[in-house]
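Text of the file input39.pdb, holding PDB, C-alpha atoms:
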```
ATOM      1  CA  MET A 357     -40.457  40.781  42.431
ATOM      2  CA  SER A 358     -38.362  38.528  40.198
ATOM      3  CA  LEU A 359     -36.479  40.200  37.372
ATOM      4  CA  ARG A 360     -37.641  39.728  33.797
ATOM      5  CA  ILE A 361     -34.685  38.842  31.569
ATOM      6  CA  ALA A 362     -34.661  38.470  27.780
ATOM      7  CA  TYR A 363     -32.111  35.746  27.014
ATOM      8  CA  TRP A 364     -30.656  35.825  23.477
ATOM      9  CA  THR A 365     -29.096  32.578  22.255
ATOM     10  CA  SER A 366     -28.785  30.262  19.256
ATOM     11  CA  GLY A 367     -28.907  27.058  21.331
ATOM     12  CA  PHE A 368     -32.187  25.375  22.256
ATOM     13  CA  GLU A 369     -31.057  21.875  23.285
ATOM     14  CA  PRO A 370     -30.420  22.106  27.062
ATOM     15  CA  SER A 371     -29.778  18.368  27.372
ATOM     16  CA  MET A 372     -27.059  18.452  24.697
ATOM     17  CA  GLU A 373     -25.564  21.948  24.497
ATOM     18  CA  ALA A 374     -23.553  23.594  27.269
ATOM     19  CA  VAL A 375     -24.690  27.176  26.626
ATOM     20  CA  SER A 376     -28.313  26.133  26.181
ATOM     21  CA  SER A 377     -28.157  24.280  29.496
ATOM     22  CA  GLU A 378     -26.902  27.394  31.297
ATOM     23  CA  VAL A 379     -29.611  29.569  29.759
ATOM     24  CA  HIS A 380     -32.249  26.997  30.702
ATOM     25  CA  LEU A 381     -31.091  27.070  34.325
ATOM     26  CA  LEU A 382     -31.197  30.858  34.492
ATOM     27  CA  ARG A 383     -34.627  30.956  32.899
ATOM     28  CA  ARG A 384     -35.871  28.644  35.659
ATOM     29  CA  SER A 385     -34.169  30.806  38.294
ATOM     30  CA  PHE A 386     -35.879  33.918  36.890
ATOM     31  CA  PRO A 387     -39.261  32.437  35.876
ATOM     32  CA  ARG A 388     -40.723  35.632  34.396
ATOM     33  CA  SER A 389     -38.021  35.639  31.723
ATOM     34  CA  VAL A 390     -37.966  34.391  28.121
ATOM     35  CA  VAL A 391     -35.440  32.781  25.778
ATOM     36  CA  TRP A 392     -35.353  33.735  22.105
ATOM     37  CA  GLY A 393     -32.948  33.631  19.204
ATOM     38  CA  LEU A 394     -32.089  32.387  15.724
ATOM     39  CA  SER A 395     -31.308  28.742  14.954
ATOM     40  CA  HIS A 396     -30.498  27.284  11.555
ATOM     41  CA  ARG A 397     -31.666  23.833  12.713
ATOM     42  CA  ARG A 398     -35.371  24.688  12.464
ATOM     43  CA  TRP A 399     -37.670  27.230  10.805
ATOM     44  CA  CYS A 400     -39.706  27.905  13.890
ATOM     45  CA  ARG A 401     -39.831  26.654  17.469
ATOM     46  CA  LEU A 402     -42.206  27.733  20.223
ATOM     47  CA  SER A 403     -42.417  26.299  23.735
ATOM     48  CA  LEU A 404     -44.879  27.945  26.104
ATOM     49  CA  GLN A 405     -43.755  25.689  28.953
ATOM     50  CA  GLU A 406     -40.114  26.751  28.612
ATOM     51  CA  ARG A 407     -41.067  30.318  27.597
ATOM     52  CA  SER A 408     -38.790  30.122  24.563
ATOM     53  CA  TRP A 409     -38.990  30.564  20.812
ATOM     54  CA  CYS A 410     -36.663  30.806  17.845
ATOM     55  CA  LEU A 411     -36.763  31.367  14.098
ATOM     56  CA  HIS A 412     -34.528  30.397  11.208
ATOM     57  CA  PRO A 413     -31.887  33.034  10.270
ATOM     58  CA  ARG A 414     -33.685  33.579   6.953
ATOM     59  CA  LEU A 415     -36.555  34.988   9.001
ATOM     60  CA  HIS A 416     -34.280  37.428  10.795
ATOM     61  CA  LEU A 417     -36.348  40.470   9.812
ATOM     62  CA  VAL A 418     -39.427  38.947  11.429
ATOM     63  CA  PHE A 419     -37.350  38.071  14.495
ATOM     64  CA  ARG A 420     -35.913  41.569  14.726
ATOM     65  CA  GLY A 421     -39.351  43.135  14.506
ATOM     66  CA  MET A 422     -40.891  40.883  17.149
ATOM     67  CA  THR A 423     -38.073  41.341  19.646
ATOM     68  CA  ARG A 424     -38.131  45.083  19.052
ATOM     69  CA  LEU A 425     -41.789  45.149  20.097
ATOM     70  CA  LEU A 426     -41.339  42.845  23.100
ATOM     71  CA  GLU A 427     -38.017  44.008  24.519
ATOM     72  CA  SER A 428     -39.478  46.867  26.542
ATOM     73  CA  ARG A 429     -41.385  44.352  28.679
ATOM     74  CA  PHE A 430     -38.131  43.046  30.180
ATOM     75  CA  ASP A 431     -35.642  44.542  32.622
ATOM     76  CA  LEU A 432     -32.503  43.707  30.656
ATOM     77  CA  ASN A 433     -31.036  41.679  27.777
ATOM     78  CA  HIS A 434     -28.621  38.809  28.321
ATOM     79  CA  VAL A 435     -26.757  37.507  25.267
ATOM     80  CA  PHE A 436     -25.167  34.054  25.581
ATOM     81  CA  GLY A 437     -22.516  33.287  22.970
ATOM     82  CA  SER A 438     -19.324  35.084  22.009
ATOM     83  CA  LEU A 439     -17.879  38.462  21.034
ATOM     84  CA  SER A 440     -18.811  37.731  17.414
ATOM     85  CA  ASP A 441     -22.586  37.800  17.987
ATOM     86  CA  TRP A 442     -23.054  40.953  15.930
ATOM     87  CA  PHE A 443     -26.709  40.301  15.088
ATOM     88  CA  TYR A 444     -27.832  40.328  18.721
ATOM     89  CA  LEU A 445     -25.861  43.523  19.373
ATOM     90  CA  GLU A 446     -26.615  45.434  16.179
ATOM     91  CA  GLY A 447     -30.138  46.589  16.962
ATOM     92  CA  ARG A 448     -30.619  49.486  19.337
ATOM     93  CA  ARG A 449     -31.509  48.243  22.794
ATOM     94  CA  ARG A 450     -33.668  50.108  25.312
ATOM     95  CA  ARG A 451     -32.491  47.981  28.233
ATOM     96  CA  PRO A 452     -29.030  47.147  29.677
ATOM     97  CA  ILE A 453     -27.073  44.348  27.988
ATOM     98  CA  VAL A 454     -25.104  41.521  29.586
ATOM     99  CA  LEU A 455     -22.971  39.379  27.260
ATOM    100  CA  THR A 456     -21.611  36.021  28.386
ATOM    101  CA  ALA A 457     -18.578  35.137  26.259
ATOM    102  CA  ALA A 458     -18.805  31.369  26.666
ATOM    103  CA  ALA A 459     -16.791  30.747  23.487
ATOM    104  CA  PHE A 460     -14.062  32.765  21.832
ATOM    105  CA  SER A 461     -14.142  33.930  18.215
ATOM    106  CA  THR A 462     -13.206  37.010  16.199
ATOM    107  CA  PRO A 463     -14.836  40.007  17.936
ATOM    108  CA  VAL A 464     -17.301  42.326  16.258
ATOM    109  CA  HIS A 465     -16.462  45.984  15.687
ATOM    110  CA  PRO A 466     -15.558  47.770  18.962
ATOM    111  CA  SER A 467     -18.491  50.145  18.499
ATOM    112  CA  LEU A 468     -20.890  47.221  18.973
ATOM    113  CA  LEU A 469     -19.058  45.999  22.064
ATOM    114  CA  GLU A 470     -19.479  49.468  23.576
ATOM    115  CA  ARG A 471     -23.203  48.718  23.786
ATOM    116  CA  VAL A 472     -22.546  45.937  26.313
ATOM    117  CA  ASP A 473     -22.851  47.010  29.954
ATOM    118  CA  ARG A 474     -21.336  43.866  31.500
ATOM    119  CA  PHE A 475     -19.233  41.101  30.003
ATOM    120  CA  VAL A 476     -19.207  37.720  31.740
ATOM    121  CA  VAL A 477     -16.450  35.142  31.314
ATOM    122  CA  GLU A 478     -16.400  31.596  32.642
ATOM    123  CA  SER A 479     -12.679  31.301  33.368
ATOM    124  CA  PRO A 480      -9.836  33.591  34.508
ATOM    125  CA  SER A 481      -8.192  33.173  31.093
ATOM    126  CA  GLY A 482     -11.379  34.500  29.512
ATOM    127  CA  ARG A 483     -10.968  37.707  31.481
ATOM    128  CA  GLU A 484      -7.476  38.115  30.028
ATOM    129  CA  LEU A 485      -8.746  37.554  26.489
ATOM    130  CA  LEU A 486     -11.359  40.279  26.870
ATOM    131  CA  GLN A 487      -8.847  42.720  28.274
ATOM    132  CA  GLU A 488      -6.635  42.049  25.255
ATOM    133  CA  GLN A 489      -9.558  43.277  23.133
ATOM    134  CA  GLY A 490      -9.444  46.605  24.973
ATOM    135  CA  ILE A 491     -12.429  45.965  27.248
ATOM    136  CA  ASP A 492     -12.205  47.775  30.578
ATOM    137  CA  PRO A 493     -11.748  45.286  33.470
ATOM    138  CA  SER A 494     -14.481  47.115  35.417
ATOM    139  CA  ARG A 495     -17.022  45.825  32.856
ATOM    140  CA  ILE A 496     -15.933  42.168  33.189
ATOM    141  CA  ARG A 497     -17.285  39.628  35.677
ATOM    142  CA  LEU A 498     -16.283  35.995  36.278
ATOM    143  CA  VAL A 499     -19.006  33.369  36.747
ATOM    144  CA  PHE A 500     -18.128  29.681  36.692
ATOM    145  CA  PRO A 501     -20.571  27.468  34.744
ATOM    146  CA  PRO A 502     -22.908  25.184  36.714
ATOM    147  CA  VAL A 503     -23.476  21.460  37.030
ATOM    148  CA  ASP A 504     -26.383  19.578  38.566
ATOM    149  CA  LEU A 505     -24.639  17.832  41.473
ATOM    150  CA  LYS A 506     -27.672  15.636  42.115
ATOM    151  CA  ARG A 507     -27.938  14.402  38.546
ATOM    152  CA  PHE A 508     -24.193  13.956  37.980
ATOM    153  CA  THR A 509     -22.947  11.781  40.821
ATOM    154  CA  PRO A 510     -19.933   9.496  41.348
ATOM    155  CA  MET A 511     -20.034   5.732  40.924
ATOM    156  CA  GLY A 512     -17.407   3.030  41.367
ATOM    157  CA  GLU A 513     -14.628   2.446  38.870
ATOM    158  CA  PRO A 514     -16.089   1.068  35.613
ATOM    159  CA  ASN A 515     -15.268  -2.428  34.403
ATOM    160  CA  GLY A 516     -13.438  -3.176  31.197
ATOM    161  CA  PRO A 517     -10.512  -1.419  29.541
ATOM    162  CA  PHE A 518      -9.389   2.031  30.628
ATOM    163  CA  THR A 519     -11.781   4.336  28.756
ATOM    164  CA  VAL A 520     -11.250   7.930  27.618
ATOM    165  CA  LEU A 521     -14.413   9.876  26.806
ATOM    166  CA  PHE A 522     -14.633  12.813  24.388
ATOM    167  CA  ALA A 523     -17.959  14.651  24.593
ATOM    168  CA  SER A 524     -17.324  18.020  22.915
ATOM    169  CA  SER A 525     -18.123  17.277  19.266
ATOM    170  CA  PRO A 526     -17.943  20.319  16.967
ATOM    171  CA  GLU A 527     -20.775  21.220  14.666
ATOM    172  CA  ARG A 528     -18.707  22.123  11.592
ATOM    173  CA  VAL A 529     -15.933  20.295   9.798
ATOM    174  CA  ASP A 530     -13.687  23.372   9.895
ATOM    175  CA  TRP A 531     -13.857  23.282  13.706
ATOM    176  CA  LEU A 532     -12.400  19.765  13.960
ATOM    177  CA  ALA A 533      -8.824  21.021  14.179
ATOM    178  CA  SER A 534      -9.607  23.451  17.015
ATOM    179  CA  ARG A 535     -11.320  20.713  19.022
ATOM    180  CA  GLY A 536      -8.230  18.532  18.635
ATOM    181  CA  ILE A 537      -9.838  15.574  16.872
ATOM    182  CA  LEU A 538      -6.676  14.670  14.950
ATOM    183  CA  LEU A 539      -4.662  15.009  18.158
ATOM    184  CA  LEU A 540      -7.088  12.665  19.890
ATOM    185  CA  LEU A 541      -6.783  10.047  17.126
ATOM    186  CA  ASP A 542      -2.992  10.322  17.117
ATOM    187  CA  THR A 543      -3.051   9.703  20.868
ATOM    188  CA  ALA A 544      -5.283   6.668  20.391
ATOM    189  CA  THR A 545      -2.736   5.289  17.929
ATOM    190  CA  LEU A 546      -0.097   5.332  20.680
ATOM    191  CA  LEU A 547      -2.341   3.565  23.232
ATOM    192  CA  PRO A 548      -3.939   0.524  21.573
ATOM    193  CA  ASP A 549      -4.899  -0.953  24.977
ATOM    194  CA  VAL A 550      -6.943   2.164  25.885
ATOM    195  CA  HIS A 551     -10.511   2.560  24.646
ATOM    196  CA  PHE A 552     -11.542   5.956  23.237
ATOM    197  CA  ARG A 553     -15.249   6.762  23.013
ATOM    198  CA  LEU A 554     -16.341   9.818  21.008
ATOM    199  CA  LEU A 555     -19.898  11.042  21.578
ATOM    200  CA  TRP A 556     -21.177  12.855  18.496
ATOM    201  CA  ARG A 557     -24.249  15.046  18.242
ATOM    202  CA  PRO A 558     -26.575  14.147  15.323
ATOM    203  CA  TRP A 559     -26.017  17.388  13.418
ATOM    204  CA  GLY A 560     -23.267  19.236  11.614
ATOM    205  CA  ASN A 561     -21.021  18.110   8.762
ATOM    206  CA  GLY A 562     -17.921  16.765  10.522
ATOM    207  CA  LEU A 563     -18.925  13.172  11.331
ATOM    208  CA  ARG A 564     -18.119  11.700   7.915
ATOM    209  CA  GLU A 565     -14.636  13.207   7.978
ATOM    210  CA  VAL A 566     -13.895  11.826  11.438
ATOM    211  CA  ARG A 567     -15.089   8.341  10.491
ATOM    212  CA  GLU A 568     -12.786   8.394   7.463
ATOM    213  CA  TRP A 569      -9.845   9.403   9.683
ATOM    214  CA  VAL A 570     -10.565   6.534  12.082
ATOM    215  CA  GLN A 571     -10.887   4.031   9.237
ATOM    216  CA  ARG A 572      -7.730   5.273   7.540
ATOM    217  CA  ARG A 573      -5.761   4.711  10.765
ATOM    218  CA  SER A 574      -7.415   1.319  11.432
ATOM    219  CA  LEU A 575      -8.155   2.404  14.999
ATOM    220  CA  ARG A 576     -10.057  -0.489  16.525
ATOM    221  CA  ASN A 577      -9.827   1.143  19.969
ATOM    222  CA  VAL A 578     -11.870   4.175  18.855
ATOM    223  CA  GLU A 579     -15.671   4.101  19.103
ATOM    224  CA  ILE A 580     -17.920   6.847  17.695
ATOM    225  CA  SER A 581     -21.405   6.955  19.211
ATOM    226  CA  VAL A 582     -23.908   9.243  17.494
ATOM    227  CA  GLY A 583     -27.139  10.348  19.124
ATOM    228  CA  ARG A 584     -29.047  12.516  21.556
ATOM    229  CA  PHE A 585     -27.789  11.255  24.894
ATOM    230  CA  ALA A 586     -30.342  12.353  27.463
ATOM    231  CA  ASP A 587     -28.598  10.491  30.290
ATOM    232  CA  MET A 588     -25.126  11.991  30.043
ATOM    233  CA  ALA A 589     -24.304  11.030  33.630
ATOM    234  CA  SER A 590     -24.216   7.356  32.648
ATOM    235  CA  GLN A 591     -21.814   8.177  29.806
ATOM    236  CA  TYR A 592     -19.298   9.701  32.213
ATOM    237  CA  GLN A 593     -19.791   6.922  34.748
ATOM    238  CA  ALA A 594     -18.998   4.321  32.067
ATOM    239  CA  ALA A 595     -15.637   5.991  31.347
ATOM    240  CA  HIS A 596     -12.531   6.512  33.462
ATOM    241  CA  ILE A 597     -11.563  10.019  32.328
ATOM    242  CA  THR A 598     -12.864  12.758  30.021
ATOM    243  CA  ILE A 599     -10.647  14.625  27.584
ATOM    244  CA  ALA A 600     -10.720  18.070  25.945
ATOM    245  CA  PRO A 601      -7.714  18.087  23.553
ATOM    246  CA  PHE A 602      -8.361  21.576  22.175
ATOM    247  CA  THR A 603      -5.544  22.998  20.077
ATOM    248  CA  ARG A 604      -6.918  26.538  19.620
ATOM    249  CA  ILE A 605      -9.513  28.556  21.483
ATOM    250  CA  GLU A 606     -11.435  29.540  18.340
ATOM    251  CA  HIS A 607     -14.890  27.916  18.232
ATOM    252  CA  CYS A 608     -14.309  26.225  21.593
ATOM    253  CA  LYS A 609     -15.959  26.734  24.940
ATOM    254  CA  LEU A 610     -13.258  27.848  27.364
ATOM    255  CA  MET A 611     -14.943  25.897  30.174
ATOM    256  CA  PRO A 612     -16.372  22.779  28.473
ATOM    257  CA  ASN A 613     -19.403  21.427  30.277
ATOM    258  CA  SER A 614     -18.243  17.903  29.458
ATOM    259  CA  LEU A 615     -15.270  18.389  31.779
ATOM    260  CA  ILE A 616     -17.333  19.941  34.567
ATOM    261  CA  GLU A 617     -19.985  17.203  34.399
ATOM    262  CA  SER A 618     -17.189  14.626  34.360
ATOM    263  CA  LEU A 619     -15.726  16.101  37.551
ATOM    264  CA  ALA A 620     -19.123  15.921  39.244
ATOM    265  CA  CYS A 621     -19.253  12.209  38.362
ATOM    266  CA  GLY A 622     -15.866  11.698  39.974
ATOM    267  CA  ARG A 623     -14.139  11.251  36.646
ATOM    268  CA  PRO A 624     -10.762  13.008  36.295
ATOM    269  CA  VAL A 625     -10.156  15.125  33.219
ATOM    270  CA  LEU A 626      -7.337  15.674  30.752
ATOM    271  CA  ALA A 627      -7.064  19.047  29.031
ATOM    272  CA  THR A 628      -4.618  21.101  27.013
ATOM    273  CA  PRO A 629      -3.454  24.543  28.219
ATOM    274  CA  GLN A 630      -5.878  26.126  25.722
ATOM    275  CA  VAL A 631      -8.825  25.022  27.880
ATOM    276  CA  GLY A 632      -9.906  27.639  30.420
ATOM    277  CA  LEU A 633     -10.233  24.971  33.104
ATOM    278  CA  SER A 634      -6.565  23.962  32.814
ATOM    279  CA  GLN A 635      -5.215  26.044  35.706
ATOM    280  CA  MET A 636      -7.924  24.803  38.049
ATOM    281  CA  ILE A 637      -7.186  21.201  37.019
ATOM    282  CA  ALA A 638      -3.550  21.700  37.950
ATOM    283  CA  ASP A 639      -4.369  23.468  41.232
ATOM    284  CA  GLU A 640      -7.018  20.995  42.390
ATOM    285  CA  GLY A 641      -5.281  17.795  41.228
ATOM    286  CA  CYS A 642      -8.496  16.577  39.575
ATOM    287  CA  GLY A 643      -6.748  15.562  36.381
ATOM    288  CA  LEU A 644      -3.794  16.560  34.242
ATOM    289  CA  VAL A 645      -2.889  19.249  31.735
ATOM    290  CA  ALA A 646      -0.846  18.166  28.706
ATOM    291  CA  GLU A 647       0.566  20.087  25.789
ATOM    292  CA  PRO A 648      -1.285  19.495  22.485
ATOM    293  CA  CYS A 649       1.081  16.712  21.443
ATOM    294  CA  ALA A 650       0.062  13.060  21.040
ATOM    295  CA  HIS A 651       3.016  11.745  23.061
ATOM    296  CA  LYS A 652       2.335  14.188  25.925
ATOM    297  CA  CYS A 653      -1.363  13.305  25.984
ATOM    298  CA  ALA A 654      -0.563   9.589  25.930
ATOM    299  CA  GLU A 655       1.841   9.995  28.850
ATOM    300  CA  ALA A 656      -0.816  11.894  30.811
ATOM    301  CA  ILE A 657      -3.391   9.152  30.225
ATOM    302  CA  VAL A 658      -0.951   6.535  31.509
ATOM    303  CA  ARG A 659      -0.322   8.658  34.633
ATOM    304  CA  LEU A 660      -4.043   9.126  35.264
ATOM    305  CA  ARG A 661      -4.579   5.385  34.970
ATOM    306  CA  ALA A 662      -2.012   4.878  37.734
ATOM    307  CA  THR A 663      -3.454   7.572  40.045
ATOM    308  CA  TRP A 664      -7.121   7.230  39.132
ATOM    309  CA  HIS A 665      -8.653   6.691  42.590
ATOM    310  CA  ASP A 666      -7.061   9.759  44.162
ATOM    311  CA  ALA A 667      -7.857  11.952  41.141
ATOM    312  CA  SER A 668     -11.434  10.658  41.157
ATOM    313  CA  HIS A 669     -11.951  11.805  44.760
ATOM    314  CA  ARG A 670     -10.462  15.212  43.990
ATOM    315  CA  SER A 671     -12.712  15.555  40.928
ATOM    316  CA  ARG A 672     -15.974  15.398  42.827
ATOM    317  CA  ARG A 673     -14.622  17.723  45.489
ATOM    318  CA  THR A 674     -13.662  20.282  42.829
ATOM    319  CA  ALA A 675     -17.145  20.206  41.289
ATOM    320  CA  GLU A 676     -18.800  20.737  44.664
ATOM    321  CA  ARG A 677     -16.494  23.607  45.511
ATOM    322  CA  TRP A 678     -16.725  25.645  42.303
ATOM    323  CA  PHE A 679     -19.628  24.618  40.064
ATOM    324  CA  SER A 680     -22.857  24.473  42.050
ATOM    325  CA  GLU A 681     -26.054  25.685  40.355
ATOM    326  CA  LYS A 682     -26.892  27.854  43.360
ATOM    327  CA  ARG A 683     -23.613  29.736  43.103
ATOM    328  CA  PHE A 684     -24.128  30.225  39.364
ATOM    329  CA  ALA A 685     -27.630  31.727  39.726
ATOM    330  CA  THR A 686     -26.604  33.906  42.677
ATOM    331  CA  ASP A 687     -23.610  35.341  40.816
ATOM    332  CA  TYR A 688     -25.802  36.339  37.887
ATOM    333  CA  GLN A 689     -28.401  37.815  40.205
ATOM    334  CA  HIS A 690     -25.728  40.134  41.593
ATOM    335  CA  ILE A 691     -24.739  41.211  38.085
ATOM    336  CA  TYR A 692     -28.347  41.889  37.104
ATOM    337  CA  HIS A 693     -28.906  44.037  40.193
ATOM    338  CA  GLU A 694     -25.849  46.089  39.326
ATOM    339  CA  LEU A 695     -27.714  47.201  36.194
ATOM    340  CA  VAL A 696     -31.367  47.268  37.269
TER
END
```
Exercise: express the given structure as structure tokens:
Amino acid sequence: MSLRIAYWTSGFEPSMEAVSSEVHLLRRSFPRSVVWGLSHRRWCRLSLQERSWCLHPRLHLVFRGMTRLLESRFDLNHVFGSLSDWFYLEGRRRRPIVLTAAAFSTPVHPSLLERVDRFVVESPSGRELLQEQGIDPSRIRLVFPPVDLKRFTPMGEPNGPFTVLFASSPERVDWLASRGILLLLDTATLLPDVHFRLLWRPWGNGLREVREWVQRRSLRNVEISVGRFADMASQYQAAHITIAPFTRIEHCKLMPNSLIESLACGRPVLATPQVGLSQMIADEGCGLVAEPCAHKCAEAIVRLRATWHDASHRSRRTAERWFSEKRFATDYQHIYHELV
């Protein structure tokens, strides 16, 4: 009989959020499971079809009471987020706990982390970060994030100017520096013949600041598109490469889904060493890794323009080798059976 998993998350937009997409896939793989959590974007959300619900953080006492009553009906708890998710770890749990550290932020008190039975990271560098926090390696597992290889498929080289896509918009203005937005704009200043397209989610408080930065620099080669892009595959296919210019790991996903989806579409990627995917990019030749410096990033873009066709072929091959949905679900099934 299929396991019943209680997934704890703050993301409920699987078409737009990396973590939410992963949870949605697992919920479909284990159909007797549920997804619940707190989200400041709405007061209440209930979907019987997706077996998910969430409440606003101001209703956290109601949420805590309901999950306390329902938790015993499931085989284990799986928290998707980071080591700072104190609220989901604070309450006493009657079932084993798996925590996927998809993003890195300041950890909670070690006593709360002791309640976690298995930690999951999405990159080898994530394993190192957890060990630096004193977590025993025997409690850590590595599972690469998934991509739908049928939905995200390669197409021919796009027409028009060489286009760099950024699809990892932060939700808060104080996260702009970590995501490397200023670095990206400085790079665009050095390459006026290259088109930079920034996809921005329609929430958060950072958009106004970014638009002011673009206007202040008079960057006519920078386009900001705001919206809920259901067909992300076409966004990658319309670009030549995808970039993740992260300058710090705080508030960033170590393995950005935008890069993995880009690889599946045969679009090479450019990342800084702070990105968890950087070593794989270097090993597989599916893009380039550049130091978080505008001149270095500009040089890498020029090199990728010259070697685009070969890097494009390697990109799709990398996605097929490491990021299949089947591998993702199977890896988590093994972890669950370790505990149940």
Item to check | Residue IDs satisfying the PyMOL selection byres ((chain A and resi 577) around 7), as number ranges by chain | outcome: A: 548, 550-552, 575-576, 578-579
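Closest approach to Glu565 of chain A from the set A:Leu538, A:Phe500, A:Phe518, A:Gly641 is made by A:Leu538, with distances taken over all atoms listed in the file.
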Item to check | the PyMOL selection byres ((chain A and resi 393) around 6) resolved against shown file, as a count of residues only | outcome: 6
Item to check | For Leu610 of chain A, the nearest of the candidates A:Val375, A:Ile580, A:Val566, A:Ala656, counting all atoms listed in the file | outcome: A:Val375
Checklist entry - Skipping near chain neighbours, those fewer than 3 positions away, what residues fall within 10 Å of Gly512 of chain A using all atoms listed in the file, listed as a list of chain:residue names? => result A:Asn515, A:Gln593, A:Ala594, A:His596, A:Cys621, A:Gly622, A:His665, A:Ser668
Checklist entry - Please, what distance in Å, to one decimal, runs between atom CA of Ile691 of chain A and atom CA of Ser618 of chain A? => result 27.9 Å
Can you turn the PyMOL selection byres ((chain A and resi 378) around 12) into a concrete residue list for this file, as a compact mmCIF listing (two decimals) with C-alpha atoms, keeping the file's coordinate frame?
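Result file follows (out02.txt):
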```
# COMPACT_ATOMS: atom_id res chain seq x y z
CA TYR A 363 -32.11 35.75 27.01
CA THR A 365 -29.10 32.58 22.26
CA GLY A 367 -28.91 27.06 21.33
CA PHE A 368 -32.19 25.38 22.26
CA GLU A 369 -31.06 21.88 23.28
CA PRO A 370 -30.42 22.11 27.06
CA SER A 371 -29.78 18.37 27.37
CA MET A 372 -27.06 18.45 24.70
CA GLU A 373 -25.56 21.95 24.50
CA ALA A 374 -23.55 23.59 27.27
CA VAL A 375 -24.69 27.18 26.63
CA SER A 376 -28.31 26.13 26.18
CA SER A 377 -28.16 24.28 29.50
CA VAL A 379 -29.61 29.57 29.76
CA HIS A 380 -32.25 27.00 30.70
CA LEU A 381 -31.09 27.07 34.33
CA LEU A 382 -31.20 30.86 34.49
CA ARG A 383 -34.63 30.96 32.90
CA ARG A 384 -35.87 28.64 35.66
CA SER A 385 -34.17 30.81 38.29
CA VAL A 391 -35.44 32.78 25.78
CA HIS A 434 -28.62 38.81 28.32
CA VAL A 435 -26.76 37.51 25.27
CA PHE A 436 -25.17 34.05 25.58
CA GLY A 437 -22.52 33.29 22.97
CA THR A 456 -21.61 36.02 28.39
CA ALA A 458 -18.80 31.37 26.67
CA GLU A 478 -16.40 31.60 32.64
CA VAL A 499 -19.01 33.37 36.75
CA PHE A 500 -18.13 29.68 36.69
CA PRO A 501 -20.57 27.47 34.74
CA PRO A 502 -22.91 25.18 36.71
CA VAL A 503 -23.48 21.46 37.03
CA ASP A 504 -26.38 19.58 38.57
CA PRO A 612 -16.37 22.78 28.47
CA ASN A 613 -19.40 21.43 30.28
CA PHE A 679 -19.63 24.62 40.06
CA SER A 680 -22.86 24.47 42.05
CA GLU A 681 -26.05 25.68 40.35
CA PHE A 684 -24.13 30.22 39.36
CA ALA A 685 -27.63 31.73 39.73
CA TYR A 688 -25.80 36.34 37.89
```
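Relative to atom CA of Ala459 of chain A, atom CA of Ala595 of chain A is found at 26.0 Å.
Closest approach to Pro514 of chain A among A:Ser438, A:Ser467, A:Ser574, A:Gln591: A:Gln591, based on only C-alpha atoms.
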What would segment 372-393 of chain A look like if you wrote it out as a PDB file, in the first residue's frame, with C-alpha atoms included, from the block I just posted?
```
ATOM      1  CA  MET A 372       5.839  29.089 -10.599  1.00  0.00           C
ATOM      2  CA  GLU A 373       7.779  27.945  -7.529  1.00  0.00           C
ATOM      3  CA  ALA A 374      10.550  25.345  -7.576  1.00  0.00           C
ATOM      4  CA  VAL A 375       9.868  23.854  -4.133  1.00  0.00           C
ATOM      5  CA  SER A 376       6.116  23.803  -4.704  1.00  0.00           C
ATOM      6  CA  SER A 377       6.668  21.969  -7.986  1.00  0.00           C
ATOM      7  CA  GLU A 378       8.732  19.275  -6.255  1.00  0.00           C
ATOM      8  CA  VAL A 379       6.130  18.813  -3.525  1.00  0.00           C
ATOM      9  CA  HIS A 380       3.382  18.594  -6.144  1.00  0.00           C
ATOM     10  CA  LEU A 381       5.263  15.826  -7.953  1.00  0.00           C
ATOM     11  CA  LEU A 382       5.777  13.823  -4.774  1.00  0.00           C
ATOM     12  CA  ARG A 383       2.148  14.229  -3.784  1.00  0.00           C
ATOM     13  CA  ARG A 384       1.162  12.722  -7.140  1.00  0.00           C
ATOM     14  CA  SER A 385       3.685   9.907  -6.665  1.00  0.00           C
ATOM     15  CA  PHE A 386       2.220   9.134  -3.225  1.00  0.00           C
ATOM     16  CA  PRO A 387      -1.485   9.832  -3.890  1.00  0.00           C
ATOM     17  CA  ARG A 388      -2.713   9.148  -0.346  1.00  0.00           C
ATOM     18  CA  SER A 389      -0.655  12.072   0.941  1.00  0.00           C
ATOM     19  CA  VAL A 390      -1.540  15.703   1.694  1.00  0.00           C
ATOM     20  CA  VAL A 391       0.168  19.090   1.426  1.00  0.00           C
ATOM     21  CA  TRP A 392      -0.363  21.722   4.110  1.00  0.00           C
ATOM     22  CA  GLY A 393       1.344  24.815   5.425  1.00  0.00           C
TER      23      GLY A 393
END
```
